[in-house]
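K.L.:
Input structure: my_file_33.txt, which contains compact mmCIF, C-alpha atoms.
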# COMPACT_ATOMS: atom_id res chain seq x y z
CA MET A 1 31.38 -46.10 -39.26
CA SER A 2 31.14 -45.47 -35.55
CA ASN A 3 30.99 -48.29 -33.05
CA TRP A 4 27.31 -47.70 -32.37
CA GLU A 5 26.51 -47.96 -36.06
CA ILE A 6 28.30 -51.31 -36.22
CA LEU A 7 26.17 -52.48 -33.33
CA TRP A 8 23.02 -51.24 -35.01
CA SER A 9 23.86 -53.20 -38.13
CA ALA A 10 24.34 -56.28 -35.93
CA ARG A 11 21.01 -55.77 -34.15
CA ASP A 12 19.70 -59.11 -35.42
CA GLN A 13 22.29 -60.95 -33.35
CA PHE A 14 21.32 -59.07 -30.20
CA TRP A 15 17.67 -59.66 -30.86
CA SER A 16 18.05 -63.39 -31.44
CA GLY A 17 20.25 -63.61 -28.34
CA PHE A 18 17.63 -61.75 -26.35
CA LEU A 19 14.84 -64.00 -27.61
CA SER A 20 16.90 -67.07 -26.80
CA THR A 21 17.56 -65.79 -23.26
CA MET A 22 13.86 -65.05 -22.78
CA GLU A 23 12.95 -68.48 -24.13
CA ILE A 24 15.31 -70.18 -21.67
CA PHE A 25 14.15 -67.93 -18.87
CA GLY A 26 10.42 -68.36 -19.55
CA LEU A 27 10.55 -72.10 -19.98
CA SER A 28 12.77 -72.79 -16.98
CA VAL A 29 10.97 -70.40 -14.64
CA SER A 30 7.59 -71.94 -15.52
CA ALA A 31 9.01 -75.39 -14.90
CA ALA A 32 10.62 -74.18 -11.67
CA PHE A 33 7.28 -72.79 -10.50
CA VAL A 34 5.57 -76.12 -11.14
CA ILE A 35 8.41 -77.96 -9.38
CA GLY A 36 8.17 -75.59 -6.41
CA CYS A 37 4.40 -76.11 -6.13
CA GLY A 38 4.83 -79.87 -6.47
CA MET A 39 7.41 -79.92 -3.68
CA LEU A 40 5.15 -77.82 -1.48
CA TYR A 41 2.34 -80.34 -2.06
CA LEU A 42 4.61 -83.24 -1.17
CA LEU A 43 5.70 -81.42 1.98
CA GLU A 44 2.04 -81.11 3.02
CA GLY A 45 2.42 -84.42 4.81
CA SER A 46 0.42 -86.83 2.71
CA ARG A 47 3.59 -88.90 2.27
CA PRO A 48 5.57 -88.57 5.51
CA ARG A 49 8.41 -90.76 4.29
CA LEU A 50 9.21 -88.30 1.49
CA THR A 51 9.39 -85.22 3.69
CA VAL A 52 12.88 -85.65 5.13
CA PRO A 53 14.69 -86.57 1.87
CA LEU A 54 12.92 -83.75 0.09
CA ARG A 55 14.01 -81.18 2.66
CA VAL A 56 17.58 -82.46 2.53
CA PHE A 57 17.46 -82.15 -1.28
CA ILE A 58 16.12 -78.57 -1.13
CA ASP A 59 18.70 -77.51 1.43
CA GLY A 60 21.47 -79.20 -0.56
CA MET A 61 20.49 -77.35 -3.72
CA ARG A 62 20.48 -74.07 -1.87
CA MET A 63 24.07 -74.65 -0.83
CA LEU A 64 25.33 -75.19 -4.39
CA PRO A 65 26.30 -72.58 -6.98
CA PHE A 66 24.06 -72.74 -10.03
CA LEU A 67 26.92 -73.35 -12.45
CA ILE A 68 28.06 -76.51 -10.69
CA LEU A 69 24.57 -77.99 -11.12
CA ALA A 70 24.68 -77.13 -14.82
CA TYR A 71 28.11 -78.82 -14.99
CA LEU A 72 26.67 -81.84 -13.23
CA LEU A 73 23.92 -82.17 -15.84
CA TYR A 74 26.07 -81.28 -18.84
CA TYR A 75 29.36 -83.04 -18.07
CA GLY A 76 28.34 -85.47 -15.32
CA LEU A 77 25.23 -87.17 -16.70
CA PRO A 78 26.94 -88.77 -19.73
CA ALA A 79 28.60 -91.08 -17.18
CA PHE A 80 25.15 -92.65 -16.80
CA ASP A 81 24.60 -92.67 -20.56
CA ILE A 82 22.17 -89.79 -20.41
CA ARG A 83 23.25 -87.20 -22.95
CA LEU A 84 21.60 -83.78 -22.82
CA ASP A 85 22.71 -81.02 -25.14
CA ALA A 86 23.86 -77.73 -23.64
CA TRP A 87 20.49 -76.03 -24.10
CA TRP A 88 18.42 -78.71 -22.37
CA SER A 89 20.88 -79.23 -19.54
CA GLY A 90 20.87 -75.47 -18.97
CA VAL A 91 17.09 -75.29 -18.86
CA GLY A 92 16.88 -78.40 -16.69
CA ALA A 93 19.46 -77.09 -14.23
CA LEU A 94 17.71 -73.71 -13.99
CA ALA A 95 14.33 -75.39 -13.46
CA VAL A 96 15.50 -77.74 -10.71
CA TYR A 97 17.70 -75.16 -8.98
CA HIS A 98 15.14 -72.38 -8.85
CA GLY A 99 12.35 -74.89 -8.21
CA CYS A 100 14.07 -75.68 -4.92
CA TYR A 101 14.31 -71.96 -4.06
CA PHE A 102 10.61 -71.52 -4.89
CA ALA A 103 9.78 -74.51 -2.70
CA GLU A 104 11.74 -73.02 0.19
CA ILE A 105 9.98 -69.66 -0.20
CA PHE A 106 6.58 -71.39 -0.27
CA ARG A 107 7.48 -73.54 2.72
CA GLY A 108 8.38 -70.45 4.75
CA ALA A 109 4.97 -68.93 3.98
CA ARG A 110 3.19 -72.25 4.66
CA LEU A 111 4.54 -72.26 8.22
CA THR A 112 2.63 -69.08 9.03
CA PHE A 113 -0.51 -70.14 7.17
CA PRO A 114 -3.53 -69.88 9.54
CA PRO A 115 -4.45 -73.44 10.62
CA GLY A 116 -8.07 -72.39 11.11
CA GLN A 117 -8.59 -72.24 7.36
CA VAL A 118 -7.29 -75.76 6.89
CA GLU A 119 -9.57 -77.06 9.64
CA ALA A 120 -12.57 -75.21 8.19
CA ALA A 121 -11.83 -76.68 4.75
CA LYS A 122 -11.58 -80.18 6.23
CA ALA A 123 -14.86 -79.66 8.07
CA HIS A 124 -16.47 -78.72 4.75
CA GLY A 125 -15.26 -81.96 3.25
CA PHE A 126 -12.55 -80.62 0.93
CA THR A 127 -10.23 -83.33 -0.32
CA LYS A 128 -6.51 -82.78 0.19
CA GLY A 129 -5.86 -81.88 -3.43
CA LYS A 130 -8.79 -79.52 -3.70
CA MET A 131 -7.87 -77.78 -0.46
CA PHE A 132 -4.31 -77.35 -1.71
CA PHE A 133 -5.23 -75.92 -5.11
CA ARG A 134 -8.18 -73.78 -4.08
CA LEU A 135 -7.08 -72.49 -0.68
CA ILE A 136 -3.45 -72.93 0.20
CA LEU A 137 -1.60 -72.41 -3.10
CA PRO A 138 -3.27 -69.17 -4.30
CA GLN A 139 -2.83 -67.47 -0.94
CA ILE A 140 0.76 -68.57 -0.53
CA VAL A 141 1.75 -67.51 -4.05
CA MET A 142 0.14 -64.11 -3.58
CA GLN A 143 1.69 -63.61 -0.15
CA THR A 144 5.19 -64.46 -1.27
CA ARG A 145 5.16 -62.40 -4.47
CA PRO A 146 7.94 -59.93 -3.45
CA LEU A 147 10.25 -62.87 -2.70
CA LEU A 148 9.18 -64.61 -5.90
CA GLY A 149 9.95 -61.45 -7.85
CA ASN A 150 13.44 -61.36 -6.33
CA GLN A 151 13.94 -65.00 -7.20
CA LEU A 152 12.84 -64.34 -10.79
CA ILE A 153 15.54 -61.69 -11.09
CA TYR A 154 18.10 -64.16 -9.73
CA ALA A 155 16.91 -66.70 -12.29
CA LEU A 156 17.31 -64.18 -15.08
CA LYS A 157 20.84 -63.45 -13.91
CA ASP A 158 21.64 -67.14 -13.72
CA THR A 159 20.77 -67.62 -17.40
CA ALA A 160 23.99 -65.76 -18.20
CA PHE A 161 26.00 -68.59 -16.59
CA LEU A 162 24.91 -70.80 -19.47
CA VAL A 163 27.35 -69.02 -21.76
CA ILE A 164 30.05 -71.06 -19.99
CA ILE A 165 28.47 -74.34 -21.14
CA THR A 166 28.25 -72.89 -24.69
CA VAL A 167 24.54 -72.03 -24.84
CA ARG A 168 23.86 -69.28 -27.39
CA GLU A 169 22.12 -66.50 -25.49
CA LEU A 170 22.36 -62.77 -24.87
CA THR A 171 25.76 -62.67 -23.15
CA ALA A 172 27.16 -65.07 -25.75
CA ALA A 173 25.92 -62.72 -28.49
CA ALA A 174 27.75 -59.78 -26.91
CA ASN A 175 30.84 -61.89 -26.43
CA SER A 176 30.98 -63.00 -30.06
CA LEU A 177 30.22 -59.50 -31.36
CA SER A 178 32.96 -57.98 -29.23
CA GLY A 179 35.28 -60.65 -30.56
CA THR A 180 34.38 -59.99 -34.19
CA TYR A 181 34.44 -56.18 -34.27
CA PHE A 182 36.51 -55.53 -31.13
CA ILE A 183 33.98 -53.16 -29.58
CA PRO A 184 33.49 -54.81 -26.16
CA THR A 185 32.42 -51.71 -24.23
CA GLU A 186 29.46 -50.79 -26.41
CA ALA A 187 28.34 -54.39 -26.95
CA PHE A 188 28.21 -55.13 -23.24
CA ILE A 189 26.54 -51.84 -22.39
CA VAL A 190 23.71 -52.79 -24.76
CA VAL A 191 23.41 -56.25 -23.22
CA ILE A 192 23.42 -54.93 -19.65
CA GLY A 193 20.68 -52.54 -20.78
CA PHE A 194 18.63 -55.51 -21.98
CA TYR A 195 18.97 -57.34 -18.65
CA TRP A 196 18.16 -54.17 -16.76
CA ALA A 197 15.05 -53.50 -18.83
CA VAL A 198 13.74 -57.02 -18.26
CA SER A 199 14.21 -56.83 -14.50
CA VAL A 200 12.59 -53.39 -14.33
CA VAL A 201 9.59 -54.75 -16.25
CA MET A 202 9.39 -57.72 -13.87
CA GLU A 203 9.42 -55.39 -10.87
CA ILE A 204 6.56 -53.40 -12.39
CA ILE A 205 4.56 -56.58 -13.03
CA ILE A 206 5.07 -57.69 -9.44
CA LYS A 207 3.81 -54.32 -8.24
CA GLN A 208 0.74 -54.64 -10.45
CA CYS A 209 0.12 -58.07 -8.93
CA GLY A 210 0.11 -56.31 -5.57
CA ARG A 211 -2.78 -54.16 -6.75
CA PHE A 212 -4.65 -57.24 -7.97
CA SER A 213 -4.10 -59.12 -4.73
CA ALA A 214 -5.21 -56.14 -2.63
CA LYS A 215 -8.41 -56.03 -4.69
CA ARG A 216 -9.04 -59.74 -4.19
CA GLY A 217 -8.32 -59.44 -0.49
CA PHE A 218 -5.21 -61.63 -0.38
CA ASP A 219 -3.25 -59.14 1.66
CA HIS A 220 -5.36 -58.94 4.78
CA VAL A 221 -5.07 -62.49 6.03
CA MET B 1 41.27 -89.36 -9.16
CA ASN B 2 44.92 -89.31 -8.22
CA ALA B 3 47.01 -87.05 -6.00
CA SER B 4 47.63 -84.37 -8.63
CA ALA B 5 43.90 -84.10 -9.32
CA TRP B 6 43.26 -83.57 -5.62
CA GLN B 7 45.97 -80.94 -5.52
CA MET B 8 44.45 -79.11 -8.50
CA LEU B 9 41.04 -79.20 -6.84
CA LEU B 10 42.41 -77.75 -3.62
CA GLU B 11 44.22 -75.04 -5.57
CA GLY B 12 40.94 -74.20 -7.32
CA ALA B 13 39.18 -74.08 -3.97
CA TRP B 14 41.87 -71.76 -2.65
CA THR B 15 41.43 -69.43 -5.67
CA THR B 16 37.67 -69.30 -5.05
CA VAL B 17 38.18 -68.66 -1.34
CA TRP B 18 40.74 -65.87 -1.61
CA ILE B 19 39.01 -64.04 -4.45
CA SER B 20 35.66 -64.27 -2.66
CA GLY B 21 37.27 -63.23 0.62
CA VAL B 22 38.86 -60.12 -0.86
CA SER B 23 35.62 -59.18 -2.63
CA ILE B 24 33.59 -59.69 0.56
CA ALA B 25 35.95 -57.49 2.59
CA LEU B 26 35.93 -54.75 -0.07
CA GLY B 27 32.19 -55.08 -0.69
CA VAL B 28 31.15 -54.81 2.95
CA THR B 29 33.28 -51.68 3.50
CA ALA B 30 32.29 -50.04 0.22
CA GLY B 31 28.65 -50.88 0.92
CA LEU B 32 28.83 -49.08 4.27
CA ILE B 33 30.41 -46.02 2.63
CA LEU B 34 27.78 -45.96 -0.14
CA ALA B 35 24.98 -46.34 2.42
CA LEU B 36 26.34 -43.38 4.40
CA ILE B 37 26.57 -41.27 1.23
CA ARG B 38 22.99 -42.17 0.34
CA ILE B 39 21.79 -41.27 3.82
CA ALA B 40 23.45 -37.86 3.47
CA ARG B 41 21.20 -37.28 0.39
CA ILE B 42 23.62 -35.25 -1.72
CA PRO B 43 21.47 -34.20 -4.72
CA VAL B 44 23.15 -35.52 -7.89
CA VAL B 45 25.27 -38.20 -6.21
CA ASP B 46 22.16 -39.77 -4.70
CA GLN B 47 20.51 -40.29 -8.10
CA ILE B 48 23.70 -41.74 -9.53
CA LEU B 49 23.93 -44.20 -6.65
CA VAL B 50 20.27 -45.25 -7.06
CA LEU B 51 20.99 -45.92 -10.74
CA TYR B 52 24.17 -47.83 -9.90
CA ILE B 53 22.41 -50.01 -7.32
CA SER B 54 19.53 -50.75 -9.67
CA LEU B 55 21.92 -51.62 -12.53
CA ALA B 56 24.24 -53.72 -10.40
CA ARG B 57 21.35 -55.76 -9.03
CA ALA B 58 20.06 -56.52 -12.53
CA THR B 59 23.40 -57.29 -14.23
CA PRO B 60 24.46 -60.94 -14.30
CA LEU B 61 27.91 -61.52 -12.83
CA VAL B 62 29.11 -63.32 -15.95
CA THR B 63 28.20 -60.34 -18.12
CA LEU B 64 29.78 -57.92 -15.66
CA ALA B 65 33.02 -59.91 -15.47
CA LEU B 66 33.28 -60.13 -19.26
CA PHE B 67 32.45 -56.44 -19.60
CA ILE B 68 35.14 -55.34 -17.16
CA PHE B 69 37.79 -57.70 -18.47
CA LEU B 70 37.22 -57.06 -22.18
CA SER B 71 36.55 -53.35 -22.11
CA ALA B 72 39.32 -52.31 -19.69
CA PRO B 73 42.00 -52.33 -22.45
CA THR B 74 39.95 -49.92 -24.61
CA PHE B 75 40.21 -47.41 -21.74
CA GLY B 76 43.96 -47.98 -21.62
CA LEU B 77 43.85 -50.06 -18.44
CA ASN B 78 45.59 -53.39 -18.35
CA LEU B 79 43.74 -55.33 -15.71
CA ASP B 80 45.00 -58.62 -14.42
CA ARG B 81 42.42 -61.43 -14.61
CA ASN B 82 42.22 -61.70 -10.85
CA VAL B 83 41.78 -57.95 -10.41
CA ALA B 84 39.00 -57.93 -13.01
CA GLY B 85 37.30 -60.85 -11.25
CA ILE B 86 37.54 -59.20 -7.84
CA LEU B 87 36.27 -55.94 -9.31
CA ALA B 88 33.22 -57.65 -10.86
CA LEU B 89 32.33 -59.50 -7.66
CA THR B 90 32.88 -56.39 -5.55
CA LEU B 91 30.77 -54.13 -7.78
CA ASN B 92 27.96 -56.66 -7.58
CA THR B 93 28.04 -57.33 -3.84
CA THR B 94 28.53 -53.66 -2.89
CA ALA B 95 25.09 -52.77 -4.25
CA PHE B 96 23.39 -55.42 -2.11
CA ASN B 97 25.46 -54.61 0.98
CA ALA B 98 24.68 -50.91 0.65
CA GLU B 99 20.96 -51.71 0.88
CA ILE B 100 21.51 -53.92 3.95
CA TRP B 101 23.53 -51.23 5.74
CA ARG B 102 21.03 -48.55 4.78
CA SER B 103 18.09 -50.48 6.20
CA ALA B 104 20.05 -51.08 9.43
CA PHE B 105 20.70 -47.34 9.62
CA ARG B 106 17.07 -46.44 8.99
CA ASN B 107 15.79 -48.89 11.59
CA PHE B 108 18.14 -47.57 14.25
CA SER B 109 16.30 -46.50 17.40
CA ARG B 110 15.59 -42.80 17.49
CA GLU B 111 15.69 -42.61 21.28
CA GLN B 112 19.33 -43.59 21.39
CA ARG B 113 20.28 -40.96 18.83
CA GLU B 114 18.40 -38.30 20.74
CA ALA B 115 20.00 -39.40 24.00
CA ALA B 116 23.45 -39.20 22.39
CA MET B 117 22.65 -35.72 21.11
CA ALA B 118 21.46 -34.66 24.55
CA ALA B 119 24.67 -35.98 26.05
CA GLY B 120 26.56 -33.65 23.72
CA MET B 121 28.05 -36.18 21.30
CA THR B 122 28.95 -34.95 17.83
CA PRO B 123 27.31 -36.85 14.93
CA TRP B 124 30.57 -38.62 14.10
CA VAL B 125 31.14 -39.79 17.68
CA THR B 126 27.48 -40.90 17.89
CA PHE B 127 27.94 -42.90 14.71
CA ARG B 128 31.21 -44.50 15.72
CA ARG B 129 30.50 -45.22 19.37
CA ILE B 130 26.74 -45.80 19.47
CA MET B 131 25.41 -46.66 16.03
CA LEU B 132 28.10 -48.65 14.22
CA PRO B 133 28.60 -51.37 16.86
CA GLN B 134 24.86 -52.04 17.04
CA MET B 135 24.36 -51.75 13.27
CA MET B 136 27.08 -54.35 12.77
CA ILE B 137 25.21 -56.84 14.91
CA THR B 138 21.79 -56.17 13.40
CA SER B 139 22.96 -56.27 9.79
CA LEU B 140 25.29 -59.25 10.23
CA PRO B 141 22.69 -61.91 9.27
CA GLY B 142 21.90 -60.04 6.04
CA LEU B 143 25.56 -59.52 5.27
CA ILE B 144 26.41 -63.18 5.79
CA ASN B 145 23.49 -64.16 3.57
CA GLU B 146 24.92 -61.89 0.88
CA MET B 147 28.35 -63.50 1.38
CA SER B 148 26.91 -66.93 0.59
CA PHE B 149 25.27 -65.45 -2.52
CA LEU B 150 28.66 -64.11 -3.54
CA ILE B 151 30.27 -67.53 -3.19
CA LYS B 152 27.41 -69.06 -5.19
CA GLY B 153 28.03 -66.43 -7.89
CA SER B 154 31.81 -66.75 -7.86
CA PRO B 155 31.99 -69.39 -10.65
CA ALA B 156 31.16 -66.48 -12.97
CA ILE B 157 34.81 -65.41 -12.87
CA ALA B 158 35.70 -68.65 -14.70
CA VAL B 159 34.44 -66.97 -17.86
CA ILE B 160 37.48 -64.67 -17.97
CA GLY B 161 39.89 -67.55 -17.53
CA ILE B 162 40.39 -67.74 -13.78
CA VAL B 163 40.72 -71.38 -12.76
CA ASP B 164 38.38 -71.50 -9.79
CA LEU B 165 36.82 -74.48 -8.06
CA THR B 166 34.23 -74.95 -10.83
CA ARG B 167 36.57 -74.48 -13.75
CA VAL B 168 39.22 -76.78 -12.35
CA THR B 169 36.86 -79.75 -12.74
CA ASN B 170 37.12 -79.25 -16.53
CA ARG B 171 40.89 -79.29 -16.36
CA ILE B 172 40.90 -82.52 -14.38
CA SER B 173 38.40 -84.29 -16.60
CA ALA B 174 40.42 -83.25 -19.65
CA VAL B 175 43.14 -85.54 -18.28
CA THR B 176 41.16 -88.33 -16.63
CA TYR B 177 38.13 -88.41 -19.00
CA GLU B 178 35.95 -88.86 -15.94
CA PRO B 179 34.15 -85.58 -15.24
CA LEU B 180 31.81 -86.84 -12.54
CA PRO B 181 34.19 -87.41 -9.56
CA PRO B 182 35.83 -83.94 -9.59
CA ILE B 183 32.43 -82.24 -10.00
CA LEU B 184 31.05 -84.16 -7.03
CA VAL B 185 34.07 -83.25 -4.90
CA ALA B 186 33.65 -79.60 -5.92
CA CYS B 187 29.97 -79.85 -4.90
CA ALA B 188 31.00 -81.15 -1.49
CA LEU B 189 33.55 -78.34 -1.04
CA TYR B 190 31.00 -75.67 -1.98
CA MET B 191 28.48 -77.22 0.38
CA ALA B 192 31.04 -77.17 3.19
CA ALA B 193 31.87 -73.50 2.59
CA ILE B 194 28.28 -72.34 2.29
CA GLY B 195 27.14 -74.64 5.11
CA CYS B 196 29.67 -72.88 7.35
CA LEU B 197 28.23 -69.50 6.38
CA VAL B 198 24.65 -70.68 7.00
CA TRP B 199 25.68 -71.88 10.44
CA LEU B 200 27.37 -68.52 11.13
CA GLN B 201 24.23 -66.76 9.95
CA ARG B 202 22.12 -68.68 12.45
CA LEU B 203 24.54 -67.73 15.19
CA ALA B 204 24.44 -64.09 14.12
CA GLU B 205 20.65 -64.10 14.02
CA HIS B 206 20.56 -65.49 17.52
CA ARG B 207 22.81 -62.66 18.71
CA ALA B 208 20.84 -60.02 16.82
CA ASN B 209 17.58 -61.26 18.35
CA ARG B 210 19.10 -61.12 21.82
CA LEU B 211 20.06 -57.50 21.18
CA ALA B 212 16.56 -56.66 19.96
CA THR B 213 14.81 -57.93 23.08
Show this structure as structure tokens.

P.N.:
Amino acid sequence: MSNWEILWSARDQFWSGFLSTMEIFGLSVSAAFVIGCGMLYLLEGSRPRLTVPLRVFIDGMRMLPFLILAYLLYYGLPAFDIRLDAWWSGVGALAVYHGCYFAEIFRGARLTFPPGQVEAAKAHGFTKGKMFFRLILPQIVMQTRPLLGNQLIYALKDTAFLVIITVRELTAAANSLSGTYFIPTEAFIVVIGFYWAVSVVMEIIIKQCGRFSAKRGFDHV
Amino acid sequence: MNASAWQMLLEGAWTTVWISGVSIALGVTAGLILALIRIARIPVVDQILVLYISLARATPLVTLALFIFLSAPTFGLNLDRNVAGILALTLNTTAFNAEIWRSAFRNFSREQREAAMAAGMTPWVTFRRIMLPQMMITSLPGLINEMSFLIKGSPAIAVIGIVDLTRVTNRISAVTYEPLPPILVACALYMAAIGCLVWLQRLAEHRANRLAT
């Protein structure tokens, strides 16, 4: 039996690893997006006392490697009697870490947001929340989509770090297969192919979003 | 945490620093060479490089490090852990650096190149005397940004058994049963290293802007 045939017979392991990676990725990126939007809303200035600590927190996160945050949640939190299993601490770390990056991307776009629109919305009697959800957020998300796409690819790559804190995902599947059958080269080529395919698909989706946003007139502001 | 724990932490920090430093030096140079090859547009080589850059940008560092370290023996190569780690980091960062260098090259002012040609400079002399010094300044902010990404990705090499600044916290807590203090110290050390790079990046941006105006 050739090495590739062995891999084909073990396709279930790859597939479950891939699904597990996508599950972690999808859940944590959605949470990160919500966290990023929430931070942007808090930075709007409705609570001035929160602004400075929040910016320090975002900048601090951006100076840390992702793995050390995962370590902090997985090995560090039990000191406060909070025990998360590897899966949840991985997802939590990914969500918080990339949430901060999303917030920073949004903040950069918010700085160049035309103030005339905000004034017009205020003059029309929009409340703060309504103005944020109807005017500011959609435009900022659409404007920053190339950066968001990049960040999504970084998030996908960061899921592989979770193999170090013993989460069962795609890289872990390749690692255990190469240990069992001793065919590391082929196993990892398949896994790299999986990661590559996902990021190519994400790039295509981001491009399609560009078409949508041109149609809705988001790009000419 | 006692003195030996501190010493282990500093040793871990040193491992992270030297491995990252070597990979940065190799990656910046290799990126420049790849960018020049891509600008020359050699038919088959160009497509291979596009594929390499696309693959290297999508591959997680952990997977790449494991791949290199585990599959090297099947090709009859016996790689040292450190060499495999440096190779993984370099392969990853080279792809990003090549794009940074290439965009600096493409944005280079046409007037200066034409003036150099009119003054009778050969392409190589134009590149070395006119283009490279200015490209270095304009691409420095991007390169430093990529360096801080490399340091943030460097814990990936722990997966092949290198005891770097992240991994060493496990070793310490295996003795002291208190994982939190070493992790917090490691956080502070990473923040110091990356904070330095961010500060350098601001300085470089300032210089690049002065050149642009």

K.L.:
Identify every residue of chain B that has at least one atom within 6 Å of any atom of chain A, counting all atoms listed in the file, and report the result as a list in words.

P.N.:
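Taken together, these residues fit the definition: Ala58, Thr59, Pro60, Phe67, Leu70, Ser71, Lys152, Pro179, Leu180, Met191 and Ile194 of chain B.
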
K.L.:
Compare A:Met131, A:Val29, A:Leu94, A:Leu19 by their minimum atom-to-atom distance to Tyr41 (chain A), counting all atoms listed in the file, and give me the closest one.

P.N.:
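Going through A:Met131, A:Val29, A:Leu94, A:Leu19 one by one, the smallest distance to Tyr41 (chain A) is for A:Met131.
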
K.L.:
If you count only C-alpha atoms, which residues fall within 9 Å of Pro181 (chain B), apart from same-chain ones fewer than 5 positions away, as a PyMOL selection string?

P.N.:
(chain A and resi 76) or (chain B and resi 1+169+173+186)

K.L.:
Kindly indicate which residue among B:Ile100, B:Ala13, B:Leu66, B:Leu89 lies nearest to Gly31 (chain B), using only C-alpha atoms for the distances.

P.N.:
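The shortest atom-to-atom distance to Gly31 (chain B) comes from B:Ile100.
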
K.L.:
Choose the residue, out of B:Ala119, B:Val28, B:Val44, B:Ala84, that has the smallest atom-to-atom separation from Gly161 (chain B); count only C-alpha atoms.

P.N.:
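Of all the options, B:Ala84 lies closest to Gly161 (chain B).
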
K.L.:
Give me, as a PDB file with C-alpha atoms, in the coordinates of the input, all polymer residues having an atom no more than 10 Å from Val34 (chain A), counting all atoms listed in the file and skipping those fewer than 3 positions away in the same chain.

P.N.:
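Produced file result17.pdb, reproduced below:
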ATOM      1  CA  SER A  28      12.770 -72.790 -16.980  1.00  0.00           C
ATOM      2  CA  VAL A  29      10.970 -70.400 -14.640  1.00  0.00           C
ATOM      3  CA  SER A  30       7.590 -71.940 -15.520  1.00  0.00           C
ATOM      4  CA  ALA A  31       9.010 -75.390 -14.900  1.00  0.00           C
ATOM      5  CA  CYS A  37       4.400 -76.110  -6.130  1.00  0.00           C
ATOM      6  CA  GLY A  38       4.830 -79.870  -6.470  1.00  0.00           C
ATOM      7  CA  MET A  39       7.410 -79.920  -3.680  1.00  0.00           C
ATOM      8  CA  LEU A  40       5.150 -77.820  -1.480  1.00  0.00           C
ATOM      9  CA  ALA A  95      14.330 -75.390 -13.460  1.00  0.00           C
ATOM     10  CA  GLY A  99      12.350 -74.890  -8.210  1.00  0.00           C
ATOM     11  CA  PHE A 102      10.610 -71.520  -4.890  1.00  0.00           C
ATOM     12  CA  ALA A 103       9.780 -74.510  -2.700  1.00  0.00           C
TER      13      ALA A 103
END

K.L.:
Return the single residue from B:Phe149, B:Trp18, B:Phe69, B:Phe96 that is closest to Leu34 (chain B), with distances computed using all atoms listed in the file.

P.N.:
B:Phe96

K.L.:
To one decimal place, how far is CA of Ile136 (chain A) from CA of Leu42 (chain A) in Å?

P.N.:
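So the answer is 13.2 Å.
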
K.L.:
Just how far from CA of Trp101 (chain B) is CA of Ala30 (chain B), in Å to one decimal?

P.N.:
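According to the coordinates, CA of Ala30 (chain B) and CA of Trp101 (chain B) are separated by 10.4 Å.
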
K.L.:
Which value, in Å to one decimal, gives the distance between CA of Ser2 (chain A) and CA of Trp15 (chain A)?

P.N.:
20.1 Å

K.L.:
Which residue gives the smallest distance to Arg129 (chain B) among B:Ala193, B:Leu79, B:Ala116, B:Leu26, with all atoms listed in the file counted?

P.N.:
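Of B:Ala193, B:Leu79, B:Ala116, B:Leu26, the one nearest Arg129 (chain B), counting all atoms listed in the file, is B:Ala116.
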
K.L.:
Residues at most 10 Å from Leu211 (chain B), counting all atoms listed in the file, excluding those fewer than 5 positions away in the same chain, as a ChimeraX atom specification?

P.N.:
/B:134,137-138,205-206

K.L.:
Determine, counting all atoms listed in the file, which protein, DNA and RNA residues have an atom within 10 Å of an atom of Ala204 (chain B); residues of the same chain fewer than 6 positions away are not included. Present the result as a list of chain:residue names.

P.N.:
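The residues that qualify are B:Ile137, B:Thr138, B:Ser139, B:Leu140, B:Pro141, B:Gly142, B:Ile144, B:Val198, B:Arg210.
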
K.L.:
Quick one: residues within 10 Å of Ile19 (chain B), all atoms listed in the file counted, chain neighbours fewer than 5 positions away excluded, as number ranges by chain?

P.N.:
B: 14, 24, 82-83, 85-87, 89-90, 151, 154, 157, 164

K.L.:
Go through B:Ala156, B:Ala5, B:Met131, B:Ala95 one by one, measure the shortest atom-to-atom distance of each to Leu61 (chain B) using all atoms listed in the file, and give the residue with the smallest value.

P.N.:
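Checking each candidate against Leu61 (chain B), we get B:Ala156 as the closest.
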